[in-house]
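Next comes data39.txt, with compact mmCIF, C-alpha atoms.
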# COMPACT_ATOMS: atom_id res chain seq x y z
CA MET A 1 -46.43 23.71 24.17
CA SER A 2 -43.50 21.30 24.29
CA SER A 3 -44.10 20.40 20.64
CA LEU A 4 -43.92 24.06 19.67
CA SER A 5 -40.74 24.54 21.70
CA SER A 6 -39.19 21.49 20.07
CA SER A 7 -40.06 22.77 16.59
CA SER A 8 -38.61 26.16 17.35
CA ALA A 9 -35.39 24.65 18.66
CA SER A 10 -35.09 22.48 15.57
CA ALA A 11 -35.69 25.43 13.27
CA SER A 12 -33.03 27.51 15.00
CA ALA A 13 -30.34 24.78 15.02
CA PRO A 14 -27.45 25.75 12.71
CA PRO A 15 -26.82 23.48 9.74
CA PRO A 16 -23.78 21.16 9.94
CA HIS A 17 -20.54 22.72 8.81
CA VAL A 18 -17.33 21.30 7.37
CA VAL A 19 -14.84 20.26 10.06
CA GLU A 20 -12.24 18.68 7.76
CA ASP A 21 -11.89 19.05 3.99
CA CYS A 22 -9.28 16.67 2.60
CA LEU A 23 -8.29 17.66 -0.92
CA GLY A 24 -11.94 18.20 -1.80
CA VAL A 25 -12.25 14.41 -1.92
CA VAL A 26 -13.43 13.78 1.65
CA GLN A 27 -15.38 16.19 3.85
CA LEU A 28 -16.17 15.51 7.50
CA LEU A 29 -19.12 17.57 8.79
CA SER A 30 -19.78 18.71 12.36
CA ASP A 31 -22.63 16.20 12.76
CA GLY A 32 -20.33 13.29 11.81
CA THR A 33 -21.59 13.05 8.26
CA VAL A 34 -18.99 12.26 5.59
CA THR A 35 -19.41 13.44 2.01
CA ARG A 36 -17.45 12.30 -1.03
CA PRO A 37 -18.09 14.12 -4.32
CA THR A 38 -18.81 11.98 -7.35
CA ARG A 39 -15.97 13.73 -9.19
CA SER A 40 -12.63 15.01 -7.94
CA PHE A 41 -9.06 15.19 -9.15
CA LEU A 42 -8.92 11.45 -8.43
CA SER A 43 -11.53 10.90 -11.13
CA ASP A 44 -9.29 12.21 -13.89
CA PRO A 45 -6.97 9.79 -15.70
CA PRO A 46 -3.27 10.40 -14.98
CA VAL A 47 -0.93 11.71 -17.63
CA HIS A 48 1.07 8.50 -17.97
CA ASP A 49 0.34 5.70 -20.41
CA VAL A 50 -1.63 2.85 -18.83
CA ARG A 51 -0.16 0.41 -21.38
CA ARG A 52 -3.37 -1.44 -22.04
CA ASP A 53 -1.58 -3.65 -24.54
CA LEU A 54 0.38 -5.53 -21.86
CA PRO A 55 -0.26 -9.30 -22.00
CA VAL A 56 -1.98 -9.37 -18.61
CA GLN A 57 -5.44 -10.64 -17.79
CA TRP A 58 -7.40 -9.03 -14.96
CA LYS A 59 -10.75 -9.45 -13.27
CA ASP A 60 -12.54 -8.13 -10.17
CA VAL A 61 -13.44 -10.47 -7.33
CA VAL A 62 -15.39 -9.98 -4.08
CA TYR A 63 -13.28 -11.09 -1.12
CA ASP A 64 -15.55 -9.88 1.72
CA GLU A 65 -19.28 -10.15 1.10
CA ALA A 66 -20.20 -8.62 4.47
CA HIS A 67 -18.39 -5.34 3.72
CA ARG A 68 -18.76 -5.54 -0.08
CA LEU A 69 -15.00 -5.37 -0.55
CA ARG A 70 -13.32 -6.36 -3.80
CA LEU A 71 -9.89 -6.97 -5.19
CA ARG A 72 -8.57 -6.96 -8.73
CA MET A 73 -6.64 -10.05 -9.78
CA TYR A 74 -3.96 -9.80 -12.47
CA ARG A 75 -2.33 -12.70 -14.31
CA PRO A 76 0.36 -12.37 -17.00
CA THR A 77 -0.51 -14.45 -20.04
CA THR A 78 3.01 -14.91 -21.41
CA SER A 79 4.78 -16.03 -18.22
CA ILE A 80 5.54 -19.35 -16.63
CA GLY A 81 2.75 -21.15 -14.87
CA LEU A 82 0.03 -20.82 -17.50
CA ALA A 83 0.74 -23.68 -19.85
CA GLY A 84 0.69 -26.51 -17.33
CA GLY A 85 2.95 -29.48 -17.97
CA GLY A 86 4.89 -29.14 -14.74
CA GLU A 87 6.06 -25.58 -15.30
CA LYS A 88 6.76 -23.50 -12.23
CA LYS A 89 3.91 -21.42 -10.85
CA LEU A 90 4.06 -17.71 -10.15
CA PRO A 91 4.48 -15.98 -6.81
CA VAL A 92 1.44 -14.14 -5.48
CA LEU A 93 1.83 -10.44 -4.70
CA VAL A 94 -0.90 -8.89 -2.54
CA TYR A 95 -0.87 -5.13 -3.18
CA PHE A 96 -2.45 -2.43 -0.98
CA HIS A 97 -2.80 1.05 -2.47
CA GLY A 98 -1.97 4.32 -0.76
CA GLY A 99 -4.15 7.31 0.06
CA GLY A 100 -3.66 8.04 3.76
CA PHE A 101 -6.35 5.45 4.61
CA CYS A 102 -8.89 8.04 3.40
CA ILE A 103 -8.92 8.06 -0.39
CA ALA A 104 -8.29 6.02 -3.55
CA SER A 105 -9.09 2.53 -4.80
CA PHE A 106 -7.56 -0.21 -6.92
CA GLU A 107 -9.81 1.08 -9.72
CA HIS A 108 -7.94 4.38 -10.03
CA PRO A 109 -5.92 4.36 -13.27
CA SER A 110 -2.62 4.98 -11.43
CA PHE A 111 -3.00 1.96 -9.17
CA HIS A 112 -4.31 -0.11 -12.06
CA ALA A 113 -1.19 0.79 -14.05
CA VAL A 114 1.06 -0.09 -11.10
CA ALA A 115 -0.56 -3.51 -10.72
CA LEU A 116 -0.34 -4.20 -14.45
CA ARG A 117 3.36 -3.43 -14.45
CA ILE A 118 4.06 -5.53 -11.36
CA ALA A 119 2.19 -8.52 -12.80
CA HIS A 120 3.95 -8.30 -16.14
CA ASP A 121 7.46 -7.31 -15.12
CA LEU A 122 8.10 -9.43 -12.01
CA PRO A 123 6.14 -11.59 -13.14
CA ALA A 124 3.53 -12.48 -10.49
CA ILE A 125 -0.12 -13.02 -9.79
CA VAL A 126 -1.18 -9.67 -8.32
CA LEU A 127 -4.13 -9.19 -5.96
CA SER A 128 -4.76 -5.43 -5.71
CA ALA A 129 -7.21 -5.05 -2.84
CA ASP A 130 -9.49 -2.31 -1.65
CA TYR A 131 -10.13 -1.78 2.05
CA ARG A 132 -12.57 0.27 4.08
CA LEU A 133 -11.69 3.96 4.12
CA ALA A 134 -11.70 6.53 6.91
CA PRO A 135 -13.29 8.52 8.39
CA GLU A 136 -16.36 6.34 7.79
CA HIS A 137 -14.27 3.36 8.93
CA ARG A 138 -11.39 4.40 11.12
CA LEU A 139 -8.36 2.30 11.87
CA PRO A 140 -7.88 -0.54 12.55
CA ALA A 141 -10.61 -1.33 9.98
CA ALA A 142 -8.13 -1.27 7.06
CA HIS A 143 -5.73 -3.57 8.93
CA HIS A 144 -8.56 -6.02 9.60
CA ASP A 145 -9.56 -5.95 5.93
CA ALA A 146 -5.98 -6.77 4.90
CA GLU A 147 -6.08 -9.82 7.15
CA THR A 148 -9.35 -10.79 5.50
CA VAL A 149 -7.62 -10.70 2.10
CA LEU A 150 -5.02 -13.19 3.34
CA SER A 151 -7.76 -15.37 4.84
CA TRP A 152 -9.58 -15.28 1.49
CA LEU A 153 -6.38 -16.39 -0.23
CA HIS A 154 -6.00 -19.19 2.32
CA ARG A 155 -9.51 -20.45 1.56
CA HIS A 156 -8.60 -20.77 -2.10
CA ALA A 157 -5.30 -22.45 -1.28
CA VAL A 158 -7.16 -25.29 0.47
CA ALA A 159 -10.27 -25.34 -1.74
CA GLY A 160 -8.99 -27.85 -4.28
CA SER A 161 -11.17 -27.92 -7.38
CA ALA A 162 -13.43 -25.21 -5.88
CA ALA A 163 -10.61 -22.65 -5.89
CA ASP A 164 -10.51 -19.73 -8.28
CA ALA A 165 -9.27 -21.14 -11.59
CA TRP A 166 -6.52 -18.55 -12.08
CA LEU A 167 -5.12 -19.20 -8.61
CA ALA A 168 -5.38 -22.97 -8.97
CA GLU A 169 -3.55 -22.92 -12.30
CA SER A 170 -0.92 -20.28 -11.70
CA ALA A 171 -0.39 -19.35 -8.03
CA ASP A 172 2.43 -20.58 -5.82
CA PHE A 173 0.85 -20.27 -2.37
CA GLY A 174 4.22 -20.89 -0.75
CA ARG A 175 5.57 -17.65 -2.22
CA VAL A 176 3.21 -14.86 -1.19
CA PHE A 177 4.49 -11.30 -0.90
CA VAL A 178 2.65 -8.32 0.58
CA TRP A 179 3.43 -4.96 -1.04
CA GLY A 180 2.03 -1.63 0.09
CA ASP A 181 2.54 1.98 -1.00
CA SER A 182 2.25 4.75 1.64
CA SER A 183 -0.75 3.74 3.79
CA GLY A 184 -0.51 0.41 2.01
CA GLY A 185 3.07 0.17 3.31
CA ASN A 186 1.71 0.72 6.80
CA ILE A 187 -0.70 -2.16 6.15
CA SER A 188 2.15 -4.34 4.90
CA HIS A 189 4.01 -3.73 8.18
CA HIS A 190 0.99 -4.70 10.25
CA ILE A 191 0.50 -7.87 8.21
CA ALA A 192 4.17 -8.74 8.81
CA VAL A 193 3.68 -8.27 12.55
CA ARG A 194 0.45 -10.29 12.68
CA TYR A 195 1.98 -13.09 10.63
CA GLY A 196 5.25 -13.08 12.54
CA SER A 197 3.36 -13.15 15.85
CA GLY A 198 1.32 -16.20 14.87
CA GLY A 199 -1.88 -14.20 14.58
CA LEU A 200 -2.58 -15.23 10.97
CA ASP A 201 -3.28 -18.94 10.61
CA ILE A 202 -3.14 -19.20 6.82
CA ASN A 203 -1.05 -22.33 6.18
CA PRO A 204 -0.30 -23.52 3.47
CA VAL A 205 -0.11 -19.85 2.40
CA ARG A 206 3.36 -18.63 3.34
CA ILE A 207 4.27 -14.96 3.42
CA ALA A 208 7.75 -15.02 1.91
CA GLY A 209 8.35 -11.28 2.20
CA CYS A 210 6.88 -7.81 2.58
CA VAL A 211 7.60 -4.68 0.53
CA LEU A 212 7.04 -1.24 2.06
CA LEU A 213 7.24 1.69 -0.38
CA GLY A 214 7.34 5.01 1.50
CA PRO A 215 5.34 3.58 4.42
CA TYR A 216 2.88 6.00 6.02
CA PHE A 217 3.92 6.04 9.66
CA GLY A 218 3.50 8.87 12.16
CA GLY A 219 4.45 10.04 15.60
CA GLU A 220 3.96 13.01 17.88
CA GLU A 221 7.69 13.75 17.89
CA ARG A 222 8.71 15.20 14.53
CA MET A 223 11.54 13.72 12.53
CA ALA A 224 13.98 16.17 10.91
CA SER A 225 12.68 15.57 7.38
CA GLU A 226 9.15 16.29 8.60
CA ALA A 227 10.04 19.44 10.53
CA CYS A 228 11.84 21.01 7.56
CA SER A 229 9.46 19.86 4.82
CA PRO A 230 8.00 22.54 2.50
CA ALA A 231 4.42 23.60 3.10
CA ASP A 232 3.57 24.57 -0.50
CA VAL A 233 3.47 21.05 -1.97
CA LEU A 234 0.63 18.57 -2.36
CA MET A 235 2.25 15.91 -0.17
CA SER A 236 2.71 18.24 2.78
CA LEU A 237 3.00 17.60 6.50
CA ALA A 238 -0.32 19.40 7.01
CA LEU A 239 -2.03 16.93 4.65
CA PHE A 240 -0.44 13.92 6.34
CA ASP A 241 -1.48 15.23 9.77
CA GLN A 242 -5.02 15.80 8.53
CA MET A 243 -5.27 12.27 7.17
CA TRP A 244 -4.15 10.91 10.54
CA ARG A 245 -6.92 12.93 12.24
CA LEU A 246 -9.42 11.37 9.85
CA ALA A 247 -8.02 7.84 9.95
CA LEU A 248 -7.16 7.20 13.61
CA PRO A 249 -9.78 6.50 16.28
CA ALA A 250 -11.40 9.74 17.40
CA GLY A 251 -9.20 11.52 19.91
CA ALA A 252 -6.13 9.37 19.24
CA THR A 253 -2.72 10.93 18.64
CA ARG A 254 -0.13 10.04 16.03
CA ASP A 255 1.51 7.82 18.65
CA HIS A 256 -1.40 5.37 18.33
CA PRO A 257 -0.08 1.86 17.51
CA ALA A 258 -1.75 1.99 14.10
CA ALA A 259 0.41 4.99 13.19
CA ASN A 260 3.59 4.60 15.24
CA PRO A 261 5.10 1.10 15.44
CA PHE A 262 7.34 2.29 18.27
CA GLY A 263 4.88 4.49 20.19
CA PRO A 264 4.41 4.31 23.95
CA GLU A 265 1.38 2.03 23.59
CA SER A 266 2.72 -0.11 20.73
CA ALA A 267 3.47 -3.76 21.40
CA PRO A 268 7.21 -4.58 21.44
CA LEU A 269 8.47 -6.18 18.25
CA ASP A 270 11.56 -7.93 19.64
CA ASP A 271 9.99 -11.40 19.62
CA VAL A 272 8.11 -11.04 16.31
CA ALA A 273 9.43 -13.42 13.63
CA PHE A 274 9.32 -10.98 10.72
CA PRO A 275 9.42 -12.38 7.20
CA PRO A 276 12.07 -10.70 5.01
CA VAL A 277 11.17 -7.01 4.60
CA LEU A 278 12.23 -4.73 1.76
CA VAL A 279 11.76 -1.02 2.47
CA LEU A 280 11.90 1.47 -0.40
CA ASN A 281 12.59 5.10 0.48
CA ALA A 282 12.66 8.31 -1.58
CA GLU A 283 15.16 11.11 -1.07
CA HIS A 284 12.56 13.90 -1.10
CA ASP A 285 9.83 12.08 0.82
CA LEU A 286 9.06 14.05 3.99
CA LEU A 287 8.72 10.68 5.75
CA ARG A 288 12.21 9.55 4.70
CA ASP A 289 13.77 9.97 8.17
CA ARG A 290 10.90 8.12 9.83
CA THR A 291 11.26 5.34 7.28
CA ALA A 292 15.02 5.12 7.84
CA ASP A 293 14.46 5.09 11.61
CA TYR A 294 11.97 2.22 11.19
CA VAL A 295 14.58 0.19 9.32
CA ALA A 296 17.35 1.01 11.82
CA ARG A 297 15.20 -0.08 14.75
CA LEU A 298 14.24 -3.37 13.10
CA LYS A 299 17.85 -4.05 12.14
CA ALA A 300 18.92 -3.42 15.75
CA MET A 301 16.47 -6.18 16.75
CA GLY A 302 18.04 -8.54 14.22
CA LYS A 303 15.10 -8.53 11.80
CA PRO A 304 15.66 -9.42 8.11
CA VAL A 305 15.08 -5.92 6.74
CA GLU A 306 16.77 -4.10 3.86
CA LEU A 307 16.54 -0.44 2.82
CA VAL A 308 16.90 0.85 -0.74
CA GLU A 309 16.77 4.62 -1.28
CA PHE A 310 15.92 6.30 -4.58
CA ASP A 311 17.69 9.61 -5.04
CA GLY A 312 15.76 12.51 -6.52
CA GLN A 313 12.35 10.90 -5.93
CA GLU A 314 9.34 11.92 -3.85
CA HIS A 315 6.61 10.18 -1.89
CA ALA A 316 4.59 7.72 -4.02
CA PHE A 317 6.86 8.21 -7.05
CA PHE A 318 6.00 4.77 -8.44
CA VAL A 319 2.29 5.62 -8.49
CA TYR A 320 2.85 8.96 -10.21
CA GLU A 321 5.30 7.62 -12.80
CA PRO A 322 4.89 3.83 -13.04
CA TRP A 323 6.71 3.78 -16.41
CA GLY A 324 9.54 6.18 -15.54
CA ALA A 325 13.23 5.42 -15.09
CA ALA A 326 12.96 5.34 -11.29
CA ALA A 327 10.13 2.85 -11.60
CA ASP A 328 12.35 0.72 -13.85
CA GLY A 329 14.94 0.56 -11.10
CA LEU A 330 12.32 -0.14 -8.46
CA ILE A 331 10.93 -3.06 -10.43
CA ARG A 332 14.40 -4.55 -10.81
CA VAL A 333 15.05 -4.31 -7.07
CA VAL A 334 11.70 -5.89 -6.19
CA ARG A 335 12.14 -8.59 -8.84
CA GLN A 336 15.44 -9.56 -7.24
CA PHE A 337 13.77 -9.62 -3.81
CA VAL A 338 10.86 -11.77 -4.99
CA HIS A 339 12.74 -14.17 -7.26
CA GLY A 340 16.24 -14.12 -5.85
CA GLY A 341 16.24 -13.19 -2.17
CA ALA A 342 17.87 -10.04 -0.79
CA PRO A 343 17.87 -7.01 -3.10
CA ASP A 344 21.03 -6.57 -5.13
CA THR A 345 21.29 -3.10 -6.65
CA ALA A 346 24.28 -4.04 -8.78
CA ALA A 347 22.27 -6.86 -10.34
CA ALA A 348 19.31 -4.55 -10.75
CA LEU A 349 21.41 -2.08 -12.71
CA SER A 350 23.26 -4.62 -14.81
CA GLY A 351 22.12 -4.77 -18.41
CA SER A 352 20.33 -1.44 -18.04
CA PRO A 353 22.73 1.28 -19.21
CA GLU A 354 19.87 3.73 -19.64
CA LEU A 355 19.55 3.95 -15.86
CA HIS A 356 23.06 5.35 -15.55
CA SER A 357 22.22 8.32 -17.77
CA THR A 358 19.20 9.46 -15.76
CA ASN A 359 19.08 11.94 -12.89
CA PHE A 360 18.51 9.35 -10.22
CA PHE A 361 20.16 6.36 -8.70
CA PHE A 362 19.37 4.13 -5.78
CA ARG A 363 21.42 2.95 -2.87
CA HIS A 364 21.17 -0.27 -0.91
CA PHE A 365 21.77 0.04 2.84
As structure tokens, please, write out the structure in this file.
Amino acid sequence: MSSLSSSSASASAPPPHVVEDCLGVVQLLSDGTVTRPTRSFLSDPPVHDVRRDLPVQWKDVVYDEAHRLRLRMYRPTTSIGLAGGGEKKLPVLVYFHGGGFCIASFEHPSFHAVALRIAHDLPAIVLSADYRLAPEHRLPAAHHDAETVLSWLHRHAVAGSAADAWLAESADFGRVFVWGDSSGGNISHHIAVRYGSGGLDINPVRIAGCVLLGPYFGGEERMASEACSPADVLMSLALFDQMWRLALPAGATRDHPAANPFGPESAPLDDVAFPPVLVLNAEHDLLRDRTADYVARLKAMGKPVELVEFDGQEHAFFVYEPWGAAADGLIRVVRQFVHGGAPDTAAALSGSPELHSTNFFFRHF
């Protein structure tokens, strides 16, 4: 009798339904199941030229066997540090892609193109790392994975002859920079905090600076640029809110410490010894006011942070147009930061008259 009742109940149970559909790329079902289609708009190559002829080597490496996580290592073949003979080695730039913590990978052509350009144009050894995605792996999983990348780099820094050959030959472990775009910028912030708080024991690896491009932060209280942002665009407030629902621990609000560095439950940052931080903002990014507020708060604490704003640009502009004029200016600013200290926009523009004829310029605050 009970078996029959159980079978009847099972037969009458409604099938799981979609609770969240994020861009058709991630679907969260009512039973907790997550589906990801084999093809989506992310599967299609972008319109820009990937520039496969750049003199840059690259290879994929597993950095976390337990979670089957990989990174893609890039090394320019025509830069200093490859010929030996006492030449200077290259800085290491650890890059974390964007995607609201829910989508994307270093393998996507856009992020591959970005890493190629960074490696060639800075120049630098670039480690473009994947991390676990939500909602299968909610925050702080991605932050933990980023720390694992730095720990992996540390192991190679002390491994001697057992280190990866490219790193042993070409990497300057005393000049490591962490760069993130959107959610990757959020990750870069959290790495800066962990490192500056003494929570990352990675000596002799030294984080010499962090770059945050349009960092994906949130908060329950809306900033002006969020409240007045258009709803009929891809990068909309509704999409950003949805990605927070998928990425944060179940039931958490956008004031969770993983989203809001200055939320009611976030640890104070006054005593954190931040490495130099370069923040890149875009005029038409709906997060621009939150980004500017982040910089203002850190500056008020005396942190070494600089803000450069790109007029006429939108969220993730470097990823969408890695070979455009705005990207040219961005590369020059970051190159100055990596190889010459604080960003100098005048120096970045010098020798580049073509930038003056475009419809954008950038400002250093």
* By how many Å are atom CA of Arg132 of chain A and atom CA of Glu65 of chain A apart? -> 12.7 Å
* Separation of atom CA of Arg290 of chain A from atom CA of Ala104 of chain A, in Å and rounded to one decimal -> 23.5 Å
* Find the residues around segment 156-167 of chain A up to 7 Å (only C-alpha atoms counted), leave out those fewer than 5 positions away in its own chain, and share them as a list of chain:residue names. =>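 My reading of the contact set: A:Phe173, A:Pro204, A:Val205.
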* Within 7 Å of segment 17-25 of chain A using all atoms listed in the file, minus same-chain residues under 4 positions, as an MDAnalysis selection string -> chainID A and resid 29:30 36:37 40
* To do: Just the residues within 8 Å of Pro123 of chain A, please, counting all atoms listed in the file, with nothing from its chain fewer than 2 positions along; format it as a PyMOL selection string.
  => chain A and resi 76+79+90-91+118-121+125+335
With C-alpha atoms retained, write the just-selected residues as an mmCIF file, in the frame of the given file.
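Below is the file that was written, part-v5.cif:
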data_model
loop_
_atom_site.group_PDB
_atom_site.id
_atom_site.type_symbol
_atom_site.label_atom_id
_atom_site.label_comp_id
_atom_site.auth_asym_id
_atom_site.auth_seq_id
_atom_site.Cartn_x
_atom_site.Cartn_y
_atom_site.Cartn_z
ATOM 1 C CA PRO A 76 0.360 -12.370 -17.000
ATOM 2 C CA SER A 79 4.780 -16.030 -18.220
ATOM 3 C CA LEU A 90 4.060 -17.710 -10.150
ATOM 4 C CA PRO A 91 4.480 -15.980 -6.810
ATOM 5 C CA ILE A 118 4.060 -5.530 -11.360
ATOM 6 C CA ALA A 119 2.190 -8.520 -12.800
ATOM 7 C CA HIS A 120 3.950 -8.300 -16.140
ATOM 8 C CA ASP A 121 7.460 -7.310 -15.120
ATOM 9 C CA ILE A 125 -0.120 -13.020 -9.790
ATOM 10 C CA ARG A 335 12.140 -8.590 -8.840
#
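The space between atom CA of Val272 of chain A and atom CA of Ser197 of chain A spans 5.2 Å.
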* Compare A:Val34, A:Val178, A:Val114, A:Val277 by their minimum atom-to-atom distance to Tyr95 of chain A, counting only C-alpha atoms, and give me the closest one. =>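 Among the listed residues, A:Val178 lies closest to Tyr95 of chain A.
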